[in-house]
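Asker: Take this structure, written in structure tokens, and hold onto it; I'll ask about it next.
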Amino acid sequence: MLDGCQGKPRTPTIIEKICPQCGAEIEMFSIDTQMACEKCGFIAYNDTLSCVQWCQYARKCVGDEMYEHMMEIAAMQKARK
């Protein structure tokens, strides 16, 4: 991984989601791709992975494997809309 965001410096933020399965709160950092609900184990995906979709440094920043994984998540989210 690169040392810091090359596209635009950002500080990770905390995202709060509601688990659709049990209603518990799921907290994740803005840089997390997914997080399991601590109460029921449901996997919630981060739907704010936008920088990977447009940043020219994304693949270099997060690595090939993570880049491909994040792009798959983005494609699944787009298909659901």
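If you're wondering about the labels, chains in the structure tokens are A, B, ... by order shown, residues count from 1 in each chain, ligands from 1 in order shown.
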DSSP on the backbone: what in chain A comes out strand (DSSP E), as a list of chain:residue names?
Answerer: A:Ile14, A:Ile15, A:Glu16, A:Lys17, A:Ile18, A:Glu25, A:Ile26, A:Glu27, A:Met28, A:Phe29, A:Gln34, A:Met35, A:Ala36, A:Ile43, A:Ala44, A:Tyr45
Asker: Could you name the residues that touch Gln53 in chain A at 10 Å or less, counting only C-alpha atoms, but leaving out those on the same chain fewer than 4 positions away, as a PyMOL selection string?
Answerer: chain A and resi 49+58-59+67+70-71+74-75
Asker: Could you give me, as a list in words, the residues within 12 Å of Tyr45 in chain A, counting only C-alpha atoms and dropping anything in the same chain fewer than 4 positions from it?
Answerer: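 The neighbour list is Ile15, Glu16, Lys17, Ile18, Cys19, Pro20, Ile26, Glu27, Met28, Phe29, Ser30, Ile31, Asp32, Thr33, Gln34, Met35, Ala36, Cys37, Leu49, His69, Met70, Glu72, Ile73, Ala74, Met76 and Gln77 of chain A.
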Asker: Please compute the CA of Gln21 in chain A-CA of Cys40 in chain A distance, one decimal, in Å.
Answerer: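 Interatomic distance, CA of Gln21 in chain A to CA of Cys40 in chain A: 7.7 Å.
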Asker: Per DSSP on the backbone, what are the helix (DSSP H, G or I) residues of chain A, as a list in words?
Answerer: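 For chain A, the helix (DSSP H, G or I) set is Ser50, Cys51, Val52, Gln53, Trp54, Ala58, Arg59, Lys60, Cys61, Val62, Asp64, Glu65, Met66, Tyr67, Glu68, His69, Met70, Met71, Glu72, Ile73, Ala74, Ala75, Met76, Gln77, Lys78, Ala79 and Arg80 of chain A.
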Asker: Using CA of Glu68 in chain A and CA of Ile14 in chain A as the two end points, give the distance in Å to one decimal.
Answerer: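 Separating CA of Glu68 in chain A from CA of Ile14 in chain A is a distance of 23.4 Å.
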Asker: Go ahead and compute the interatomic distance for CA of Pro12 in chain A and CA of Glu65 in chain A, in Å to one decimal.
Answerer: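 If I compute the distance from CA of Pro12 in chain A to CA of Glu65 in chain A, I get 20.9 Å.
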Asker: Could you tell me which of A:Asn46, A:Arg80, A:Gly63, A:Cys55 comes closest to Thr13 in chain A if we count only C-alpha atoms?
Answerer: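 Using only C-alpha atoms, Thr13 in chain A sits closest to A:Asn46.
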Asker: With distances taken over only C-alpha atoms, which residue among A:Trp54, A:Ala79, A:Val62, A:Ala24 lies nearest Gly41 in chain A?
Answerer: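 Going through A:Trp54, A:Ala79, A:Val62, A:Ala24 one by one, the smallest distance to Gly41 in chain A is for A:Ala24.
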